[in-house]
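Chemist: Just so it is clear, I am handing over protein.cif, which has mmCIF, C-alpha atoms.
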```
data_upload
#
loop_
_atom_site.group_PDB
_atom_site.id
_atom_site.type_symbol
_atom_site.label_atom_id
_atom_site.label_comp_id
_atom_site.auth_asym_id
_atom_site.auth_seq_id
_atom_site.Cartn_x
_atom_site.Cartn_y
_atom_site.Cartn_z
ATOM 1 C CA MET W 22 -44.154 -2.008 79.334
ATOM 2 C CA SER W 23 -41.399 -3.486 77.164
ATOM 3 C CA THR W 24 -41.347 -7.237 76.626
ATOM 4 C CA THR W 25 -38.013 -7.683 78.377
ATOM 5 C CA GLU W 26 -39.366 -5.920 81.494
ATOM 6 C CA SER W 27 -42.725 -7.721 81.521
ATOM 7 C CA PRO W 28 -43.549 -9.839 84.591
ATOM 8 C CA SER W 29 -42.401 -13.445 84.480
ATOM 9 C CA ASN W 30 -44.925 -16.126 83.634
ATOM 10 C CA TYR W 31 -43.840 -17.822 86.871
ATOM 11 C CA ASP W 32 -44.050 -16.696 90.498
ATOM 12 C CA ASN W 33 -42.967 -17.734 93.982
ATOM 13 C CA LEU W 34 -39.667 -18.937 92.560
ATOM 14 C CA GLU W 35 -38.051 -19.079 95.984
ATOM 15 C CA SER W 36 -40.502 -21.780 97.100
ATOM 16 C CA MET W 37 -40.470 -23.753 93.862
ATOM 17 C CA PRO W 38 -38.810 -27.206 93.903
ATOM 18 C CA LEU W 39 -35.385 -27.164 92.272
ATOM 19 C CA SER W 40 -36.491 -29.695 89.657
ATOM 20 C CA ASP W 41 -39.305 -27.345 88.621
ATOM 21 C CA LEU W 42 -36.981 -24.332 88.511
ATOM 22 C CA LEU W 43 -34.689 -26.131 86.085
ATOM 23 C CA LEU W 44 -37.544 -27.552 84.026
ATOM 24 C CA TYR W 45 -39.323 -24.227 83.598
ATOM 25 C CA MET W 46 -36.148 -22.316 82.785
ATOM 26 C CA ASN W 47 -35.332 -24.932 80.180
ATOM 27 C CA ASP W 48 -38.867 -24.661 78.801
ATOM 28 C CA GLU W 49 -38.337 -20.919 78.410
ATOM 29 C CA ASP W 50 -35.020 -21.500 76.650
ATOM 30 C CA HIS W 51 -36.861 -23.518 74.008
ATOM 31 C CA ARG W 52 -38.560 -20.297 72.908
ATOM 32 C CA VAL W 53 -35.285 -18.742 71.796
ATOM 33 C CA ALA W 54 -34.360 -20.687 68.655
ATOM 34 C CA PRO W 55 -37.802 -20.246 67.018
ATOM 35 C CA ALA W 56 -37.629 -16.507 67.744
ATOM 36 C CA VAL W 57 -34.210 -16.317 66.112
ATOM 37 C CA LYS W 58 -35.482 -18.290 63.122
ATOM 38 C CA LYS W 59 -38.124 -15.626 62.500
ATOM 39 C CA VAL W 60 -35.434 -12.969 61.978
ATOM 40 C CA LEU W 61 -33.125 -14.973 59.698
ATOM 41 C CA PRO W 62 -34.059 -12.776 56.694
ATOM 42 C CA LYS W 63 -32.989 -9.709 58.687
ATOM 43 C CA ILE W 64 -29.712 -11.379 59.622
ATOM 44 C CA GLU W 65 -29.144 -12.336 55.986
ATOM 45 C CA GLY W 66 -29.664 -8.743 54.916
ATOM 46 C CA LEU W 67 -27.125 -7.500 57.420
ATOM 47 C CA VAL W 68 -24.521 -10.103 56.426
ATOM 48 C CA LYS W 69 -24.974 -9.196 52.747
ATOM 49 C CA ALA W 70 -24.346 -5.554 53.617
ATOM 50 C CA VAL W 71 -21.379 -6.119 55.938
ATOM 51 C CA ALA W 72 -19.275 -8.671 54.028
ATOM 52 C CA PRO W 73 -18.525 -6.534 50.927
ATOM 53 C CA ARG W 74 -17.472 -3.640 53.122
ATOM 54 C CA MET W 75 -15.098 -5.870 55.067
ATOM 55 C CA LYS W 76 -13.618 -7.120 51.809
ATOM 56 C CA GLU W 77 -12.757 -3.485 51.115
ATOM 57 C CA GLY W 78 -10.945 -3.063 54.427
ATOM 58 C CA GLY W 79 -13.880 -2.346 56.707
ATOM 59 C CA ARG W 80 -14.120 -3.597 60.271
ATOM 60 C CA LEU W 81 -16.985 -4.747 62.440
ATOM 61 C CA PHE W 82 -17.676 -2.990 65.750
ATOM 62 C CA TYR W 83 -19.978 -4.333 68.441
ATOM 63 C CA ILE W 84 -21.106 -1.817 71.056
ATOM 64 C CA GLY W 85 -23.084 -2.692 74.163
ATOM 65 C CA ALA W 86 -23.435 -2.384 77.921
ATOM 66 C CA GLY W 87 -23.578 -5.037 80.620
ATOM 67 C CA THR W 88 -24.434 -8.525 79.394
ATOM 68 C CA SER W 89 -24.936 -7.287 75.836
ATOM 69 C CA GLY W 90 -21.527 -5.635 75.766
ATOM 70 C CA ARG W 91 -19.845 -8.736 77.164
ATOM 71 C CA LEU W 92 -21.473 -10.936 74.542
ATOM 72 C CA GLY W 93 -20.142 -8.664 71.801
ATOM 73 C CA ILE W 94 -16.650 -8.809 73.279
ATOM 74 C CA VAL W 95 -16.805 -12.618 73.470
ATOM 75 C CA ASP W 96 -17.807 -12.889 69.826
ATOM 76 C CA ALA W 97 -15.149 -10.421 68.701
ATOM 77 C CA SER W 98 -12.410 -12.095 70.737
ATOM 78 C CA GLU W 99 -13.197 -15.522 69.278
ATOM 79 C CA CYS W 100 -12.882 -14.479 65.625
ATOM 80 C CA PRO W 101 -9.040 -14.330 65.486
ATOM 81 C CA PRO W 102 -8.344 -17.794 66.950
ATOM 82 C CA THR W 103 -11.230 -19.382 65.052
ATOM 83 C CA PHE W 104 -10.759 -17.768 61.654
ATOM 84 C CA GLY W 105 -7.186 -16.476 61.726
ATOM 85 C CA VAL W 106 -8.152 -12.813 61.252
ATOM 86 C CA ASP W 107 -6.389 -9.872 62.874
ATOM 87 C CA TYR W 108 -7.578 -8.853 66.321
ATOM 88 C CA GLY W 109 -8.506 -5.452 64.933
ATOM 89 C CA LEU W 110 -11.000 -6.779 62.387
ATOM 90 C CA VAL W 111 -13.886 -7.431 64.786
ATOM 91 C CA ILE W 112 -13.896 -5.123 67.800
ATOM 92 C CA GLY W 113 -16.098 -5.331 70.882
ATOM 93 C CA LEU W 114 -16.643 -2.193 72.956
ATOM 94 C CA ILE W 115 -18.463 -2.065 76.291
ATOM 95 C CA ALA W 116 -19.761 0.888 78.268
ATOM 96 C CA GLY W 117 -17.305 1.500 81.088
ATOM 97 C CA GLY W 118 -14.323 0.066 79.225
ATOM 98 C CA ASP W 119 -12.434 -3.132 79.958
ATOM 99 C CA THR W 120 -13.173 -2.861 83.686
ATOM 100 C CA ALA W 121 -16.845 -3.453 82.890
ATOM 101 C CA VAL W 122 -16.105 -6.857 81.385
ATOM 102 C CA ARG W 123 -15.664 -8.286 84.897
ATOM 103 C CA LYS W 124 -17.321 -5.716 87.123
ATOM 104 C CA ALA W 125 -20.333 -3.485 86.507
ATOM 105 C CA VAL W 126 -19.476 0.199 86.116
ATOM 106 C CA GLU W 127 -22.318 2.303 87.491
ATOM 107 C CA PHE W 128 -24.099 4.629 85.053
ATOM 108 C CA ALA W 129 -21.550 3.995 82.285
ATOM 109 C CA GLU W 130 -24.317 3.059 79.856
ATOM 110 C CA ASP W 131 -26.126 6.380 80.346
ATOM 111 C CA ASN W 132 -23.735 8.532 78.272
ATOM 112 C CA PRO W 133 -24.985 8.709 74.652
ATOM 113 C CA ASP W 134 -21.717 10.207 73.398
ATOM 114 C CA GLN W 135 -19.258 7.734 74.897
ATOM 115 C CA ALA W 136 -19.525 4.888 72.360
ATOM 116 C CA TRP W 137 -18.560 7.130 69.461
ATOM 117 C CA GLU W 138 -15.675 8.517 71.515
ATOM 118 C CA ASP W 139 -14.571 4.960 72.297
ATOM 119 C CA MET W 140 -14.500 4.172 68.585
ATOM 120 C CA GLN W 141 -12.271 7.108 67.728
ATOM 121 C CA ILE W 142 -9.077 5.430 68.943
ATOM 122 C CA HIS W 143 -9.648 2.872 66.170
ATOM 123 C CA GLN W 144 -9.723 5.547 63.442
ATOM 124 C CA VAL W 145 -13.087 4.563 61.975
ATOM 125 C CA ASN W 146 -13.579 4.700 58.216
ATOM 126 C CA ASP W 147 -16.515 4.631 55.797
ATOM 127 C CA ASN W 148 -16.254 0.867 55.268
ATOM 128 C CA ASP W 149 -16.708 0.083 58.953
ATOM 129 C CA THR W 150 -19.908 -1.339 60.426
ATOM 130 C CA VAL W 151 -21.356 -0.728 63.885
ATOM 131 C CA ILE W 152 -23.788 -3.187 65.462
ATOM 132 C CA GLY W 153 -25.435 -2.000 68.648
ATOM 133 C CA ILE W 154 -26.431 -4.728 71.104
ATOM 134 C CA ALA W 155 -29.066 -3.933 73.747
ATOM 135 C CA ALA W 156 -31.806 -6.273 74.906
ATOM 136 C CA SER W 157 -33.953 -3.342 75.985
ATOM 137 C CA GLY W 158 -33.314 -1.296 72.846
ATOM 138 C CA ARG W 159 -33.075 1.842 74.947
ATOM 139 C CA THR W 160 -29.482 1.959 76.249
ATOM 140 C CA PRO W 161 -28.140 5.524 75.653
ATOM 141 C CA TYR W 162 -24.542 4.342 75.115
ATOM 142 C CA VAL W 163 -25.670 2.049 72.313
ATOM 143 C CA ILE W 164 -28.297 4.298 70.730
ATOM 144 C CA GLY W 165 -25.947 7.268 70.710
ATOM 145 C CA GLY W 166 -23.142 5.238 69.173
ATOM 146 C CA VAL W 167 -25.355 3.843 66.409
ATOM 147 C CA LYS W 168 -26.834 7.248 65.600
ATOM 148 C CA LYS W 169 -23.433 8.933 65.435
ATOM 149 C CA ALA W 170 -21.972 6.119 63.332
ATOM 150 C CA ARG W 171 -24.838 6.293 60.859
ATOM 151 C CA ALA W 172 -24.565 10.079 60.632
ATOM 152 C CA ASN W 173 -20.892 9.654 59.751
ATOM 153 C CA GLY W 174 -21.546 7.203 56.908
ATOM 154 C CA LEU W 175 -20.885 3.882 58.649
ATOM 155 C CA LEU W 176 -23.194 0.931 58.126
ATOM 156 C CA THR W 177 -25.325 0.285 61.205
ATOM 157 C CA GLY W 178 -27.232 -2.665 62.600
ATOM 158 C CA CYS W 179 -28.557 -3.697 65.979
ATOM 159 C CA ILE W 180 -29.683 -6.685 68.031
ATOM 160 C CA THR W 181 -32.507 -6.087 70.494
ATOM 161 C CA CYS W 182 -35.247 -8.117 72.171
ATOM 162 C CA ASN W 183 -38.010 -5.504 72.189
ATOM 163 C CA SER W 184 -40.065 -4.371 69.220
ATOM 164 C CA GLY W 185 -40.376 -0.751 68.168
ATOM 165 C CA SER W 186 -37.380 0.472 70.175
ATOM 166 C CA GLU W 187 -35.417 3.664 69.634
ATOM 167 C CA LEU W 188 -32.354 1.555 68.901
ATOM 168 C CA ALA W 189 -34.111 -0.338 66.103
ATOM 169 C CA ALA W 190 -35.322 2.950 64.621
ATOM 170 C CA SER W 191 -31.761 4.284 64.669
ATOM 171 C CA ALA W 192 -30.141 1.399 62.750
ATOM 172 C CA GLU W 193 -30.314 0.592 59.051
ATOM 173 C CA HIS W 194 -30.479 -3.141 59.741
ATOM 174 C CA PRO W 195 -32.417 -3.762 62.960
ATOM 175 C CA ILE W 196 -32.711 -7.324 64.261
ATOM 176 C CA GLU W 197 -35.481 -7.657 66.836
ATOM 177 C CA VAL W 198 -35.616 -11.081 68.507
ATOM 178 C CA ILE W 199 -38.706 -11.190 70.693
ATOM 179 C CA VAL W 200 -38.326 -14.017 73.206
ATOM 180 C CA GLY W 201 -40.945 -12.929 75.757
ATOM 181 C CA PRO W 202 -40.702 -12.193 79.489
ATOM 182 C CA GLU W 203 -37.729 -13.553 81.380
ATOM 183 C CA PHE W 204 -38.058 -16.364 83.946
ATOM 184 C CA VAL W 205 -36.718 -13.922 86.526
ATOM 185 C CA THR W 206 -38.465 -10.664 85.648
ATOM 186 C CA GLY W 207 -36.138 -8.307 83.775
ATOM 187 C CA SER W 208 -33.080 -10.601 83.942
ATOM 188 C CA THR W 209 -32.042 -10.295 80.311
ATOM 189 C CA ARG W 210 -28.910 -12.389 80.884
ATOM 190 C CA LEU W 211 -31.308 -15.337 80.424
ATOM 191 C CA LYS W 212 -33.377 -15.726 77.229
ATOM 192 C CA ALA W 213 -32.463 -12.350 75.766
ATOM 193 C CA GLY W 214 -28.758 -13.026 76.316
ATOM 194 C CA THR W 215 -29.084 -16.456 74.734
ATOM 195 C CA ALA W 216 -30.870 -14.943 71.735
ATOM 196 C CA GLN W 217 -28.196 -12.281 71.298
ATOM 197 C CA LYS W 218 -25.454 -14.893 71.482
ATOM 198 C CA MET W 219 -27.188 -17.002 68.831
ATOM 199 C CA VAL W 220 -27.554 -14.016 66.500
ATOM 200 C CA LEU W 221 -23.905 -13.055 66.994
ATOM 201 C CA ASN W 222 -22.863 -16.622 66.167
ATOM 202 C CA LEU W 223 -24.886 -16.483 62.960
ATOM 203 C CA LEU W 224 -23.577 -13.068 61.978
ATOM 204 C CA SER W 225 -19.862 -13.532 62.560
ATOM 205 C CA THR W 226 -19.684 -17.103 61.255
ATOM 206 C CA SER W 227 -21.602 -16.238 58.091
ATOM 207 C CA ILE W 228 -19.462 -13.160 57.502
ATOM 208 C CA MET W 229 -16.241 -15.119 57.936
ATOM 209 C CA ILE W 230 -17.446 -17.769 55.512
ATOM 210 C CA GLN W 231 -18.212 -14.983 53.020
ATOM 211 C CA LEU W 232 -14.669 -13.716 53.542
ATOM 212 C CA GLY W 233 -13.254 -17.138 52.629
ATOM 213 C CA LYS W 234 -12.154 -18.138 56.114
ATOM 214 C CA VAL W 235 -13.732 -21.605 55.909
ATOM 215 C CA ARG W 236 -12.972 -24.288 53.337
ATOM 216 C CA GLY W 237 -15.523 -27.045 52.978
ATOM 217 C CA ASN W 238 -16.610 -27.144 56.609
ATOM 218 C CA ARG W 239 -13.181 -26.626 58.174
ATOM 219 C CA MET W 240 -11.515 -23.717 59.983
ATOM 220 C CA VAL W 241 -8.438 -23.781 57.777
ATOM 221 C CA ASP W 242 -7.161 -20.424 59.073
ATOM 222 C CA MET W 243 -7.531 -21.118 62.798
ATOM 223 C CA GLN W 244 -4.600 -20.269 65.039
ATOM 224 C CA LEU W 245 -2.571 -23.264 66.201
ATOM 225 C CA SER W 246 -2.327 -21.890 69.715
ATOM 226 C CA ASN W 247 -2.554 -25.049 71.840
ATOM 227 C CA ASP W 248 -2.136 -28.819 71.577
ATOM 228 C CA LYS W 249 -5.855 -29.409 70.992
ATOM 229 C CA LEU W 250 -5.911 -27.056 68.011
ATOM 230 C CA VAL W 251 -2.680 -28.481 66.608
ATOM 231 C CA ASP W 252 -4.254 -31.935 66.803
ATOM 232 C CA ARG W 253 -7.364 -30.648 65.046
ATOM 233 C CA GLY W 254 -5.209 -29.051 62.371
ATOM 234 C CA VAL W 255 -3.251 -32.253 61.831
ATOM 235 C CA LYS W 256 -6.471 -34.194 61.374
ATOM 236 C CA MET W 257 -7.702 -31.647 58.833
ATOM 237 C CA VAL W 258 -4.484 -31.966 56.838
ATOM 238 C CA ALA W 259 -4.488 -35.757 57.090
ATOM 239 C CA ALA W 260 -8.088 -35.974 55.874
ATOM 240 C CA GLU W 261 -7.639 -33.485 53.043
ATOM 241 C CA LEU W 262 -4.344 -34.890 51.739
ATOM 242 C CA HIS W 263 -4.985 -38.564 52.648
ATOM 243 C CA LEU W 264 -1.826 -38.748 54.768
ATOM 244 C CA PRO W 265 -0.860 -40.609 57.946
ATOM 245 C CA TYR W 266 -1.183 -38.542 61.122
ATOM 246 C CA GLU W 267 2.558 -38.141 61.776
ATOM 247 C CA LYS W 268 3.311 -37.089 58.199
ATOM 248 C CA ALA W 269 0.468 -34.558 58.322
ATOM 249 C CA LYS W 270 1.826 -33.214 61.618
ATOM 250 C CA ASP W 271 5.320 -32.755 60.203
ATOM 251 C CA LEU W 272 3.925 -30.815 57.260
ATOM 252 C CA LEU W 273 1.690 -28.670 59.430
ATOM 253 C CA ILE W 274 4.618 -27.725 61.653
ATOM 254 C CA GLN W 275 6.661 -26.939 58.560
ATOM 255 C CA TYR W 276 4.105 -24.616 56.960
ATOM 256 C CA GLY W 277 2.520 -23.225 60.117
ATOM 257 C CA SER W 278 -1.108 -23.241 59.015
ATOM 258 C CA VAL W 279 -3.691 -25.676 57.724
ATOM 259 C CA ARG W 280 -4.421 -23.584 54.630
ATOM 260 C CA LYS W 281 -0.772 -23.221 53.635
ATOM 261 C CA THR W 282 -0.121 -26.910 54.187
ATOM 262 C CA ILE W 283 -3.035 -28.002 52.017
ATOM 263 C CA ASP W 284 -2.337 -25.410 49.318
ATOM 264 C CA GLN W 285 1.381 -26.170 49.093
ATOM 265 C CA GLU W 286 1.044 -29.928 49.160
ATOM 266 C CA SER W 287 -1.875 -29.946 46.697
ATOM 267 C CA SER W 288 -0.114 -27.867 44.077
#
```
Write out the structure in this file as structure tokens.

Modeler:
Amino acid sequence: MSTTESPSNYDNLESMPLSDLLLYMNDEDHRVAPAVKKVLPKIEGLVKAVAPRMKEGGRLFYIGAGTSGRLGIVDASECPPTFGVDYGLVIGLIAGGDTAVRKAVEFAEDNPDQAWEDMQIHQVNDNDTVIGIAASGRTPYVIGGVKKARANGLLTGCITCNSGSELAASAEHPIEVIVGPEFVTGSTRLKAGTAQKMVLNLLSTSIMIQLGKVRGNRMVDMQLSNDKLVDRGVKMVAAELHLPYEKAKDLLIQYGSVRKTIDQESS
């Protein structure tokens, strides 16, 4: 039996006091970060392979089903506002299409050919990378997409929470985060989902730093899409250029981005 389908270490959950439910779930969550730490060398290897390809015009595709697919879409959708990149640079695809983001699409994950077909509308090229996300490591949609991408010369990686899976064997850069049985048996939206989210955070943030999208520790290319982010941008400019808040705000509005403001006013 795979780790993610193994019986929970806890039983009779329906009769357990609420305080114990919360405590034990939180105890299980504490297993995630150490498991992720064990695979940091694997994550580093994938980042080192992906970043140069993206500098040459490559894109990053996440493919997944269910929770895994939604996590990939979340990470992809947050890259443009956070790092100022085009929406087509990091792309999240989910079995069943956009409908599946909000509502499960029955049997969509069972077609091993669909992920590659879904990628075709994006006109994939040799510099692109495909990362398959599947807690079980056995989702046909994900395995088929990774295999087809690799056969066509794309770089491939994966994030899974079982060891020795077909998905890991199919990818050049497998990341296997083994977090143990779920609190609710088989509910991989819990620890496995948390682990996948942590790995995605590490991957995309590290890649964007390698691409020059962070200066010092600041998101100098973030989109100024609401008052909170404008305020954050003003504070960045004020701190970097040693200016009063209102002066920094005037300059930021004038230039339209934190990076441009700092570069123009520092020159």

Chemist: Neighbours of range 59-74 of chain W within 9 Å (all atoms listed in the file; same-chain residues fewer than 6 positions away dropped), as a list in words?

Modeler: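 Non-adjacent residues within range: Arg80, Leu81, Asp147, Asn148, Asp149, Thr150, Leu176, Thr177, Gly178, Glu193, His194, Pro195, Ile196, Glu197, Val198, Val220, Leu223, Leu224, Ser225, Ser227, Ile228, Met229, Gln231 and Leu232 of chain W.
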
Chemist: Quote the spacing between CA of Tyr83 in chain W and CA of Gly153 in chain W in Å to one decimal place.

Modeler: 5.9 Å

Chemist: If I take CA of Thr206 in chain W and CA of Ser29 in chain W, how far is one from the other in Å, to one decimal?

Modeler: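 Computing it gives 5.0 Å between the two atoms.
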
Chemist: Hey, what's within 12 Å of Glu261 in chain W if we count only C-alpha atoms and toss same-chain stuff fewer than 5 positions away? As a list of chain:residue names, please?

Modeler: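 Counting only the stated atoms, we get W:Arg236, W:Gly237, W:Asn238, W:Arg239, W:Val241, W:Gly254, W:Val255, W:Lys256, W:Tyr266, W:Ala269, W:Val279, W:Arg280, W:Thr282, W:Ile283, W:Asp284, W:Glu286, W:Ser287.
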
Chemist: Translate the PyMOL selection byres ((chain W and resi 243) around 7) into a concrete residue list for this structure, as a PDB file with C-alpha atoms, in the frame of the given file.

Modeler:
```pdb
ATOM      1  CA  PRO W 102      -8.344 -17.794  66.950  1.00  0.00           C
ATOM      2  CA  THR W 103     -11.230 -19.382  65.052  1.00  0.00           C
ATOM      3  CA  PHE W 104     -10.759 -17.768  61.654  1.00  0.00           C
ATOM      4  CA  GLY W 105      -7.186 -16.476  61.726  1.00  0.00           C
ATOM      5  CA  MET W 240     -11.515 -23.717  59.983  1.00  0.00           C
ATOM      6  CA  VAL W 241      -8.438 -23.781  57.777  1.00  0.00           C
ATOM      7  CA  ASP W 242      -7.161 -20.424  59.073  1.00  0.00           C
ATOM      8  CA  GLN W 244      -4.600 -20.269  65.039  1.00  0.00           C
ATOM      9  CA  LEU W 245      -2.571 -23.264  66.201  1.00  0.00           C
TER      10      LEU W 245
END
```

Chemist: Would you work out the distance separating CA of Ala116 in chain W from CA of Ala97 in chain W, expressed in Å to one decimal?

Modeler: 15.5 Å

Chemist: What lies within 8 Å of Val53 in chain W using only C-alpha atoms, ignoring chain neighbours under 6 positions off, as an MDAnalysis selection string?

Modeler: chainID W and resid 200 212 215:216

Chemist: Give the padded box for range 225-240 of chain W as AutoDock Vina command-line options: axis-aligned, covering all atoms listed in the file, 8 Å on each side, centre and edge lengths in Å to one decimal.

Modeler:
```
--center_x -16.6 --center_y -20.2 --center_z 57.6 --size_x 26.1 --size_y 30.0 --size_z 25.9
```

Chemist: With all atoms listed in the file as the counted atoms, please give the residues lying no more than 8 Å from Gly207 in chain W, apart from itself and same-chain residues fewer than 5 positions off, as an NGL selection string.

Modeler: :W and (25-28 or 202)

Chemist: Reconstruct range 160-172 of chain W at the level of N, CA and C atoms, and format the result as a compact mmCIF listing (two decimals), in the coordinates of the input.

Modeler:
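For reference, out.txt as written:
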```txt
# COMPACT_ATOMS: atom_id res chain seq x y z
N THR W 160 -30.72 1.59 75.56
CA THR W 160 -29.48 1.96 76.25
C THR W 160 -28.84 3.17 75.57
N PRO W 161 -28.68 4.30 76.28
CA PRO W 161 -28.14 5.52 75.65
C PRO W 161 -26.78 5.32 75.01
N TYR W 162 -25.88 4.59 75.67
CA TYR W 162 -24.54 4.34 75.11
C TYR W 162 -24.64 3.72 73.73
N VAL W 163 -25.54 2.77 73.57
CA VAL W 163 -25.67 2.05 72.31
C VAL W 163 -26.41 2.89 71.28
N ILE W 164 -27.52 3.48 71.67
CA ILE W 164 -28.30 4.30 70.73
C ILE W 164 -27.46 5.46 70.21
N GLY W 165 -26.78 6.14 71.12
CA GLY W 165 -25.95 7.27 70.71
C GLY W 165 -24.84 6.85 69.77
N GLY W 166 -24.21 5.72 70.04
CA GLY W 166 -23.14 5.24 69.17
C GLY W 166 -23.64 4.88 67.79
N VAL W 167 -24.79 4.23 67.71
CA VAL W 167 -25.36 3.84 66.41
C VAL W 167 -25.76 5.09 65.62
N LYS W 168 -26.41 6.03 66.29
CA LYS W 168 -26.83 7.25 65.60
C LYS W 168 -25.64 8.01 65.05
N LYS W 169 -24.61 8.17 65.85
CA LYS W 169 -23.43 8.93 65.44
C LYS W 169 -22.71 8.20 64.30
N ALA W 170 -22.63 6.88 64.39
CA ALA W 170 -21.97 6.12 63.33
C ALA W 170 -22.73 6.27 62.01
N ARG W 171 -24.03 6.16 62.08
CA ARG W 171 -24.84 6.29 60.86
C ARG W 171 -24.71 7.69 60.26
N ALA W 172 -24.70 8.70 61.12
CA ALA W 172 -24.56 10.08 60.63
C ALA W 172 -23.23 10.31 59.96
```
